[in-house]
>>> print(open('coords.cif').read())   # mmCIF, C-alpha atoms
data_work
#
loop_
_atom_site.label_atom_id
_atom_site.label_comp_id
_atom_site.auth_asym_id
_atom_site.auth_seq_id
_atom_site.Cartn_x
_atom_site.Cartn_y
_atom_site.Cartn_z
CA MET A 7 146.07 -116.00 -53.42
CA GLY A 8 148.23 -117.91 -50.93
CA LYS A 9 145.45 -118.10 -48.32
CA TYR A 10 142.97 -119.19 -50.97
CA ILE A 11 145.26 -121.99 -52.18
CA VAL A 12 145.79 -123.25 -48.62
CA LYS A 13 142.04 -123.16 -48.00
CA ARG A 14 141.32 -125.11 -51.18
CA ILE A 15 143.97 -127.72 -50.34
CA VAL A 16 142.44 -128.25 -46.88
CA LEU A 17 138.94 -128.56 -48.37
CA ALA A 18 140.28 -130.97 -51.00
CA ALA A 19 141.82 -133.15 -48.28
CA VAL A 20 138.52 -133.21 -46.37
CA THR A 21 136.63 -134.12 -49.54
CA ILE A 22 139.03 -136.97 -50.33
CA TRP A 23 138.60 -138.28 -46.78
CA ALA A 24 134.80 -138.14 -47.17
CA VAL A 25 134.98 -140.05 -50.46
CA ALA A 26 137.23 -142.69 -48.89
CA THR A 27 134.91 -143.04 -45.89
CA ILE A 28 131.73 -143.34 -47.95
CA THR A 29 133.36 -145.79 -50.36
CA PHE A 30 134.64 -147.97 -47.51
CA PHE A 31 131.29 -148.29 -45.76
CA LEU A 32 129.34 -148.76 -49.00
CA MET A 33 131.62 -151.65 -49.95
CA ASN A 34 131.01 -153.26 -46.58
CA LEU A 35 127.24 -152.87 -46.97
CA VAL A 36 127.19 -154.85 -50.22
CA PRO A 37 125.59 -158.29 -49.63
CA GLY A 38 127.86 -161.30 -49.93
CA GLY A 39 131.61 -161.30 -49.90
CA PRO A 40 134.62 -161.11 -52.20
CA PHE A 41 135.25 -164.86 -52.07
CA LEU A 42 131.77 -166.09 -52.97
CA SER A 43 132.71 -166.43 -56.62
CA GLU A 44 135.60 -168.79 -55.80
CA LYS A 45 134.89 -172.29 -57.11
CA ALA A 46 134.40 -175.07 -54.55
CA ILE A 47 135.81 -173.10 -51.65
CA SER A 48 135.21 -174.51 -48.18
CA PRO A 49 134.14 -172.47 -45.12
CA ALA A 50 137.56 -173.08 -43.59
CA ALA A 51 139.30 -171.74 -46.68
CA THR A 52 136.99 -168.72 -46.73
CA ALA A 53 137.79 -168.02 -43.07
CA ALA A 54 141.51 -168.35 -43.80
CA LEU A 55 141.28 -165.86 -46.69
CA GLU A 56 139.31 -163.41 -44.58
CA ALA A 57 141.92 -163.64 -41.83
CA LYS A 58 144.72 -163.15 -44.34
CA TYR A 59 143.22 -159.90 -45.67
CA GLY A 60 141.98 -158.70 -42.26
CA LEU A 61 138.29 -159.06 -43.12
CA ASP A 62 137.60 -160.89 -39.87
CA LYS A 63 138.38 -157.84 -37.75
CA PRO A 64 135.74 -155.40 -36.42
CA LEU A 65 134.52 -152.86 -38.97
CA SER A 66 135.74 -149.85 -36.97
CA GLU A 67 139.25 -151.29 -36.65
CA ARG A 68 139.37 -152.07 -40.37
CA TYR A 69 138.19 -148.55 -41.19
CA PHE A 70 140.87 -146.73 -39.20
CA THR A 71 143.55 -149.08 -40.51
CA TYR A 72 142.41 -148.58 -44.10
CA ILE A 73 142.22 -144.76 -43.83
CA SER A 74 145.66 -144.62 -42.20
CA ASP A 75 147.20 -146.81 -44.91
CA ALA A 76 145.37 -144.98 -47.72
CA ALA A 77 146.76 -141.66 -46.49
CA HIS A 78 150.22 -143.11 -47.19
CA GLY A 79 149.21 -144.37 -50.63
CA ASP A 80 148.66 -147.97 -49.56
CA PHE A 81 145.27 -149.33 -50.67
CA GLY A 82 146.07 -152.88 -49.63
CA ASP A 83 146.36 -156.07 -51.67
CA SER A 84 144.03 -157.03 -54.46
CA LEU A 85 141.62 -159.75 -53.34
CA LYS A 86 141.53 -161.36 -56.79
CA GLN A 87 144.98 -160.72 -58.26
CA ARG A 88 146.89 -162.54 -55.57
CA GLY A 89 150.34 -161.21 -54.77
CA ARG A 90 149.68 -157.76 -56.27
CA THR A 91 148.88 -154.55 -54.44
CA VAL A 92 146.15 -152.21 -55.60
CA MET A 93 148.64 -149.36 -56.02
CA SER A 94 150.92 -151.48 -58.22
CA ILE A 95 147.97 -152.27 -60.49
CA ILE A 96 146.98 -148.59 -60.63
CA THR A 97 150.52 -147.42 -61.42
CA THR A 98 150.73 -150.04 -64.18
CA ARG A 99 147.36 -149.36 -65.78
CA PHE A 100 146.84 -145.64 -65.22
CA PRO A 101 149.66 -144.46 -67.57
CA VAL A 102 147.87 -146.28 -70.42
CA SER A 103 144.58 -144.53 -69.66
CA ALA A 104 146.38 -141.22 -69.07
CA GLY A 105 148.19 -141.45 -72.40
CA LEU A 106 144.92 -142.08 -74.19
CA GLY A 107 143.04 -139.42 -72.22
CA GLY A 108 145.80 -136.83 -72.61
CA ARG A 109 145.66 -137.12 -76.38
CA ALA A 110 141.86 -136.84 -76.28
CA ILE A 111 142.06 -133.70 -74.11
CA LEU A 112 144.56 -132.06 -76.44
CA LEU A 113 142.46 -132.90 -79.50
CA SER A 114 139.27 -131.63 -77.82
CA LEU A 115 140.83 -128.27 -76.93
CA CYS A 116 142.60 -127.83 -80.27
CA LEU A 117 139.38 -128.47 -82.20
CA GLY A 118 136.62 -127.29 -79.86
CA ILE A 119 137.91 -123.79 -79.04
CA PRO A 120 138.77 -122.58 -82.58
CA LEU A 121 135.66 -124.17 -84.09
CA GLY A 122 133.48 -122.54 -81.42
CA VAL A 123 135.08 -119.15 -82.08
CA PHE A 124 134.69 -119.63 -85.83
CA ALA A 125 131.03 -120.60 -85.44
CA ALA A 126 130.38 -117.44 -83.39
CA TYR A 127 132.23 -115.34 -85.95
CA LYS A 128 130.10 -116.87 -88.74
CA ARG A 129 126.86 -116.65 -86.77
CA GLY A 130 123.73 -117.19 -88.87
CA THR A 131 125.62 -118.56 -91.88
CA VAL A 132 125.61 -122.02 -93.44
CA ILE A 133 128.98 -122.75 -91.80
CA ASP A 134 127.53 -121.96 -88.37
CA SER A 135 124.60 -124.31 -89.03
CA ILE A 136 126.87 -127.15 -90.16
CA LEU A 137 129.13 -126.78 -87.12
CA SER A 138 126.09 -126.70 -84.82
CA ILE A 139 124.75 -129.92 -86.34
CA ILE A 140 128.14 -131.61 -85.96
CA ALA A 141 128.38 -130.49 -82.32
CA THR A 142 124.85 -131.70 -81.55
CA CYS A 143 125.53 -135.10 -83.10
CA GLY A 144 128.81 -135.40 -81.22
CA MET A 145 127.02 -134.79 -77.91
CA ALA A 146 123.98 -136.94 -78.69
CA VAL A 147 125.58 -140.08 -80.14
CA PRO A 148 126.81 -142.45 -77.39
CA ASN A 149 130.46 -143.48 -77.15
CA PHE A 150 129.83 -147.11 -78.01
CA VAL A 151 128.03 -146.13 -81.23
CA ILE A 152 130.95 -143.97 -82.34
CA CYS A 153 133.36 -146.78 -81.48
CA THR A 154 131.30 -149.29 -83.45
CA LEU A 155 131.09 -147.04 -86.52
CA LEU A 156 134.82 -146.34 -86.46
CA LEU A 157 135.63 -150.02 -86.06
CA TYR A 158 133.32 -151.07 -88.87
CA PHE A 159 134.34 -148.49 -91.48
CA LEU A 160 138.00 -147.80 -90.68
CA GLY A 161 138.98 -151.10 -89.13
CA VAL A 162 136.91 -153.76 -90.89
CA LYS A 163 135.60 -152.31 -94.14
CA LEU A 164 138.58 -150.18 -95.23
CA GLN A 165 141.16 -151.94 -93.03
CA ILE A 166 143.31 -148.83 -92.70
CA LEU A 167 143.56 -148.76 -88.90
CA PRO A 168 144.24 -151.45 -86.27
CA THR A 169 141.24 -152.46 -84.19
CA LEU A 170 142.83 -153.79 -81.00
CA GLY A 171 145.23 -152.43 -78.41
CA LEU A 172 147.69 -149.54 -78.59
CA THR A 173 150.61 -151.18 -80.33
CA THR A 174 151.41 -148.50 -82.95
CA TRP A 175 150.92 -144.75 -83.34
CA ASN A 176 147.93 -145.17 -85.67
CA SER A 177 146.20 -147.48 -83.17
CA TYR A 178 145.50 -144.36 -81.08
CA ILE A 179 143.46 -142.69 -83.82
CA MET A 180 140.11 -144.43 -83.34
CA PRO A 181 140.11 -144.57 -79.51
CA VAL A 182 141.17 -140.93 -79.22
CA ALA A 183 138.58 -139.85 -81.79
CA ALA A 184 135.83 -141.73 -79.94
CA LEU A 185 136.92 -140.46 -76.52
CA SER A 186 137.20 -136.84 -77.66
CA ALA A 187 133.93 -136.68 -79.62
CA TYR A 188 131.72 -135.53 -76.73
CA PRO A 189 134.14 -133.05 -75.07
CA THR A 190 135.03 -131.52 -78.46
CA SER A 191 131.37 -130.99 -79.29
CA TYR A 192 130.57 -129.62 -75.83
CA ILE A 193 133.52 -127.21 -75.88
CA MET A 194 132.53 -126.06 -79.36
CA ARG A 195 128.97 -125.22 -78.27
CA LEU A 196 130.15 -123.71 -75.00
CA MET A 197 132.73 -121.56 -76.76
CA ARG A 198 130.26 -120.39 -79.40
CA SER A 199 127.65 -119.38 -76.81
CA SER A 200 130.21 -117.63 -74.59
CA MET A 201 131.82 -115.83 -77.52
CA LEU A 202 128.45 -114.53 -78.76
CA ASP A 203 127.68 -113.24 -75.27
CA VAL A 204 131.03 -111.45 -75.04
CA LEU A 205 130.76 -109.97 -78.52
CA GLY A 206 127.51 -108.31 -77.46
CA GLN A 207 129.07 -106.54 -74.47
CA ASP A 208 129.52 -102.76 -74.36
CA TYR A 209 133.31 -102.86 -74.17
CA MET A 210 133.45 -104.84 -77.43
CA ARG A 211 131.34 -102.22 -79.17
CA THR A 212 133.61 -99.54 -77.69
CA ALA A 213 136.69 -101.34 -79.02
CA LYS A 214 135.12 -101.51 -82.44
CA ALA A 215 134.19 -97.81 -82.29
CA LYS A 216 137.80 -96.93 -81.44
CA GLY A 217 138.90 -98.50 -84.68
CA LEU A 218 140.43 -101.74 -83.42
CA SER A 219 140.61 -104.35 -86.11
CA GLN A 220 138.21 -107.25 -85.89
CA LYS A 221 141.11 -109.67 -85.48
CA VAL A 222 142.57 -107.79 -82.50
CA SER A 223 139.22 -107.28 -80.76
CA LEU A 224 138.26 -110.91 -81.32
CA PHE A 225 141.43 -112.62 -80.11
CA LYS A 226 142.85 -110.08 -77.64
CA HIS A 227 139.69 -108.99 -75.86
CA ALA A 228 136.79 -111.36 -76.62
CA LEU A 229 138.60 -114.71 -76.50
CA ARG A 230 140.16 -114.18 -73.08
CA ASN A 231 136.80 -113.46 -71.47
CA ALA A 232 134.84 -116.02 -73.47
CA ILE A 233 137.18 -118.88 -72.58
CA LEU A 234 136.32 -118.82 -68.84
CA PRO A 235 133.37 -121.27 -69.15
CA VAL A 236 135.67 -123.63 -71.04
CA VAL A 237 138.22 -123.42 -68.22
CA THR A 238 135.43 -124.44 -65.84
CA TYR A 239 134.64 -127.49 -67.92
CA VAL A 240 138.26 -128.53 -68.49
CA GLY A 241 138.67 -129.73 -64.87
CA PRO A 242 136.03 -132.49 -64.79
CA MET A 243 136.55 -133.20 -68.49
CA ALA A 244 140.27 -133.76 -67.95
CA ALA A 245 139.62 -136.03 -64.96
CA TYR A 246 137.17 -138.11 -67.01
CA THR A 247 139.38 -138.46 -70.07
CA LEU A 248 142.67 -138.94 -68.18
CA THR A 249 141.26 -141.90 -66.33
CA GLY A 250 140.01 -143.30 -69.61
CA SER A 251 136.58 -144.23 -70.82
CA PHE A 252 135.49 -147.66 -69.64
CA VAL A 253 133.50 -148.23 -72.82
CA VAL A 254 136.30 -147.16 -75.19
CA GLU A 255 138.90 -149.25 -73.37
CA LYS A 256 136.62 -152.28 -73.39
CA ILE A 257 135.72 -152.06 -77.09
CA PHE A 258 139.27 -151.47 -78.31
CA THR A 259 140.79 -153.95 -75.81
CA ILE A 260 143.00 -151.31 -74.21
CA PRO A 261 144.76 -152.45 -70.99
CA GLY A 262 143.90 -149.31 -69.04
CA LEU A 263 142.54 -148.55 -65.59
CA GLY A 264 138.96 -148.60 -66.81
CA GLY A 265 139.17 -152.28 -67.72
CA GLU A 266 140.65 -153.10 -64.32
CA PHE A 267 137.83 -151.22 -62.59
CA ILE A 268 135.17 -153.20 -64.48
CA LYS A 269 137.00 -156.45 -63.72
CA ALA A 270 137.14 -155.51 -60.03
CA ILE A 271 133.39 -154.85 -59.93
CA ASN A 272 132.55 -158.13 -61.64
CA GLY A 273 134.90 -160.03 -59.35
CA ARG A 274 133.91 -158.26 -56.11
CA ASP A 275 137.50 -157.14 -55.61
CA TYR A 276 136.60 -154.70 -52.84
CA THR A 277 140.08 -153.30 -52.21
CA MET A 278 140.58 -152.66 -55.93
CA ILE A 279 137.20 -150.94 -56.21
CA MET A 280 137.88 -148.72 -53.19
CA GLY A 281 141.44 -147.89 -54.24
CA THR A 282 140.46 -147.03 -57.81
CA THR A 283 137.49 -144.92 -56.67
CA ILE A 284 139.63 -142.92 -54.23
CA PHE A 285 142.38 -142.51 -56.84
CA LEU A 286 139.99 -141.22 -59.52
CA ALA A 287 138.22 -138.94 -57.04
CA THR A 288 141.56 -137.49 -55.96
CA ILE A 289 142.43 -136.66 -59.56
CA MET A 290 139.04 -134.99 -60.02
CA ILE A 291 139.41 -132.90 -56.86
CA ILE A 292 142.99 -131.84 -57.63
CA LEU A 293 142.07 -130.77 -61.15
CA ASN A 294 139.13 -128.73 -59.83
CA VAL A 295 141.47 -126.92 -57.43
CA VAL A 296 143.87 -126.21 -60.28
CA VAL A 297 141.01 -124.87 -62.42
CA ASP A 298 139.92 -122.48 -59.65
CA ILE A 299 143.46 -121.12 -59.42
CA VAL A 300 143.72 -120.78 -63.21
CA TYR A 301 140.55 -118.64 -63.04
CA LYS A 302 142.50 -115.91 -61.31
CA ILE A 303 145.31 -116.09 -63.85
CA VAL A 304 142.97 -115.92 -66.84
CA ASP A 305 140.82 -113.13 -65.38
CA PRO A 306 142.43 -111.04 -62.58
CA ARG A 307 139.06 -109.39 -61.89
CA ILE A 308 137.76 -112.55 -60.21
CA LYS A 309 137.66 -112.25 -56.44
CA LEU A 310 138.98 -115.20 -54.48
CA LYS A 311 137.31 -115.92 -51.14
#
>>> encode(input="coords.cif", output="structure tokens")
Amino acid sequence: MGKYIVKRIVLAAVTIWAVATITFFLMNLVPGGPFLSEKAISPAATAALEAKYGLDKPLSERYFTYISDAAHGDFGDSLKQRGRTVMSIITTRFPVSAGLGGRAILLSLCLGIPLGVFAAYKRGTVIDSILSIIATCGMAVPNFVICTLLLYFLGVKLQILPTLGLTTWNSYIMPVAALSAYPTSYIMRLMRSSMLDVLGQDYMRTAKAKGLSQKVSLFKHALRNAILPVVTYVGPMAAYTLTGSFVVEKIFTIPGLGGEFIKAINGRDYTMIMGTTIFLATIMIILNVVVDIVYKIVDPRIKLK
């Protein structure tokens, strides 16, 4: 296990470096520059700004400087939000997105796993059909449609929930519901399919033949094996929801990292785009490493190489 963890950490570091390198060169291949949108800016002022942020230096020199600084958690200064560093913006905005995403993850797991198990247990019944329809709709309907429906009925028509920001506890209800709709539905379908596959295995029939109660065989034996595909999905799902949905944050006017990322793209804030991309990629990679390690804990039979 120790060797495997070290190997995964090394591979994760190499992957993060590759993401940083690709992001850096892609940003420098984009036509134009970050100061083109400035109003009535002279060539002399543009040259002064480029010198201030080191954009006048050779590309190779800028690359090695950026990678060295990024390895120490320094993504440079924002090109649009003068006087603020990229890391200070991330540390300010990310907790908002993480708080929203964390609640969505918890809701998705608390609803998706038991509903998937229940659907498998009630296979072929009306309840199974209803749950399957709900899961399909949750996966098929886009985020912005769910947000719009929630806003119209709960925020405008009934006026029982706030529609902007995250000022009170009940202001989390609609954004969390919208953000968790797809992962909850996906986990439900994944859990149902996996549980049905496990219930058809020989060892489950043996357990039933030995006289084990249905409750014990379902939750002690079947659930532990059936949950492995869900563990696989939790890594990327957690990374996506923790960083916040750009659409959900935009619609509900939530001051999270997603809104800053969109603002950076529109404003050609190259350092902010690169820093945010590397930060989100790092979270994704770390969570995938954690998921691989959890595999071994959930199912000791898995061989680590």
>>> resolve_selection(input="coords.cif", expression="the PyMOL selection byres ((chain A and resi 286) around 10)", output="ChimeraX atom specification")
/A:100,245-246,248-249,263,281-285,287-291
>>> residues_near_point(input="coords.cif", point="(142.9, -145.7, -85.9)", cutoff="9 Å", atoms="all atoms listed in the file", output="ChimeraX atom specification")
/A:156-157,160-161,166-169,175-183
>>> residues_around(input="coords.cif", residues="Lys269 of chain A", least_positions_apart="3", cutoff="12 Å", atoms="only C-alpha atoms", output="number ranges by chain")
A: 84-87, 252, 256, 261-266, 272-276, 278-279, 282
>>> closest_residue(input="coords.cif", among="A:Thr174, A:Val296, A:Leu202, A:Ile139", to="Thr238 of chain A", atoms="all atoms listed in the file")
A:Val296
>>> atom_distance(input="coords.cif", atom1="atom CA of Leu196 of chain A", atom2="atom CA of Ile257 of chain A")
29.0 Å
>>> resolve_selection(input="coords.cif", expression="the PyMOL selection byres ((chain A and resi 64-79) around 12)", output="mmCIF file with C-alpha atoms, keeping the file's coordinate frame")
data_model
loop_
_atom_site.group_PDB
_atom_site.id
_atom_site.type_symbol
_atom_site.label_atom_id
_atom_site.label_comp_id
_atom_site.auth_asym_id
_atom_site.auth_seq_id
_atom_site.Cartn_x
_atom_site.Cartn_y
_atom_site.Cartn_z
ATOM 1 C CA ALA A 19 141.820 -133.150 -48.280
ATOM 2 C CA VAL A 20 138.520 -133.210 -46.370
ATOM 3 C CA ILE A 22 139.030 -136.970 -50.330
ATOM 4 C CA TRP A 23 138.600 -138.280 -46.780
ATOM 5 C CA ALA A 24 134.800 -138.140 -47.170
ATOM 6 C CA VAL A 25 134.980 -140.050 -50.460
ATOM 7 C CA ALA A 26 137.230 -142.690 -48.890
ATOM 8 C CA THR A 27 134.910 -143.040 -45.890
ATOM 9 C CA ILE A 28 131.730 -143.340 -47.950
ATOM 10 C CA THR A 29 133.360 -145.790 -50.360
ATOM 11 C CA PHE A 30 134.640 -147.970 -47.510
ATOM 12 C CA PHE A 31 131.290 -148.290 -45.760
ATOM 13 C CA LEU A 32 129.340 -148.760 -49.000
ATOM 14 C CA MET A 33 131.620 -151.650 -49.950
ATOM 15 C CA ASN A 34 131.010 -153.260 -46.580
ATOM 16 C CA LEU A 35 127.240 -152.870 -46.970
ATOM 17 C CA GLU A 56 139.310 -163.410 -44.580
ATOM 18 C CA ALA A 57 141.920 -163.640 -41.830
ATOM 19 C CA TYR A 59 143.220 -159.900 -45.670
ATOM 20 C CA GLY A 60 141.980 -158.700 -42.260
ATOM 21 C CA LEU A 61 138.290 -159.060 -43.120
ATOM 22 C CA ASP A 62 137.600 -160.890 -39.870
ATOM 23 C CA LYS A 63 138.380 -157.840 -37.750
ATOM 24 C CA ASP A 80 148.660 -147.970 -49.560
ATOM 25 C CA PHE A 81 145.270 -149.330 -50.670
ATOM 26 C CA GLY A 82 146.070 -152.880 -49.630
ATOM 27 C CA ASP A 83 146.360 -156.070 -51.670
ATOM 28 C CA THR A 91 148.880 -154.550 -54.440
ATOM 29 C CA VAL A 92 146.150 -152.210 -55.600
ATOM 30 C CA MET A 93 148.640 -149.360 -56.020
ATOM 31 C CA SER A 94 150.920 -151.480 -58.220
ATOM 32 C CA ILE A 96 146.980 -148.590 -60.630
ATOM 33 C CA THR A 97 150.520 -147.420 -61.420
ATOM 34 C CA THR A 277 140.080 -153.300 -52.210
ATOM 35 C CA MET A 280 137.880 -148.720 -53.190
ATOM 36 C CA GLY A 281 141.440 -147.890 -54.240
ATOM 37 C CA THR A 282 140.460 -147.030 -57.810
ATOM 38 C CA THR A 283 137.490 -144.920 -56.670
ATOM 39 C CA ILE A 284 139.630 -142.920 -54.230
ATOM 40 C CA PHE A 285 142.380 -142.510 -56.840
ATOM 41 C CA THR A 288 141.560 -137.490 -55.960
#
>>> resolve_selection(input="coords.cif", expression="the PyMOL selection byres ((chain A and resi 236) around 9)", output="PyMOL selection string")
chain A and resi 119+193+196-197+200+232-235+237-240
>>> closest_residue(input="coords.cif", among="A:Ala125, A:Val102, A:Ile136, A:Leu115", to="Ile260 of chain A", atoms="only C-alpha atoms")
A:Val102
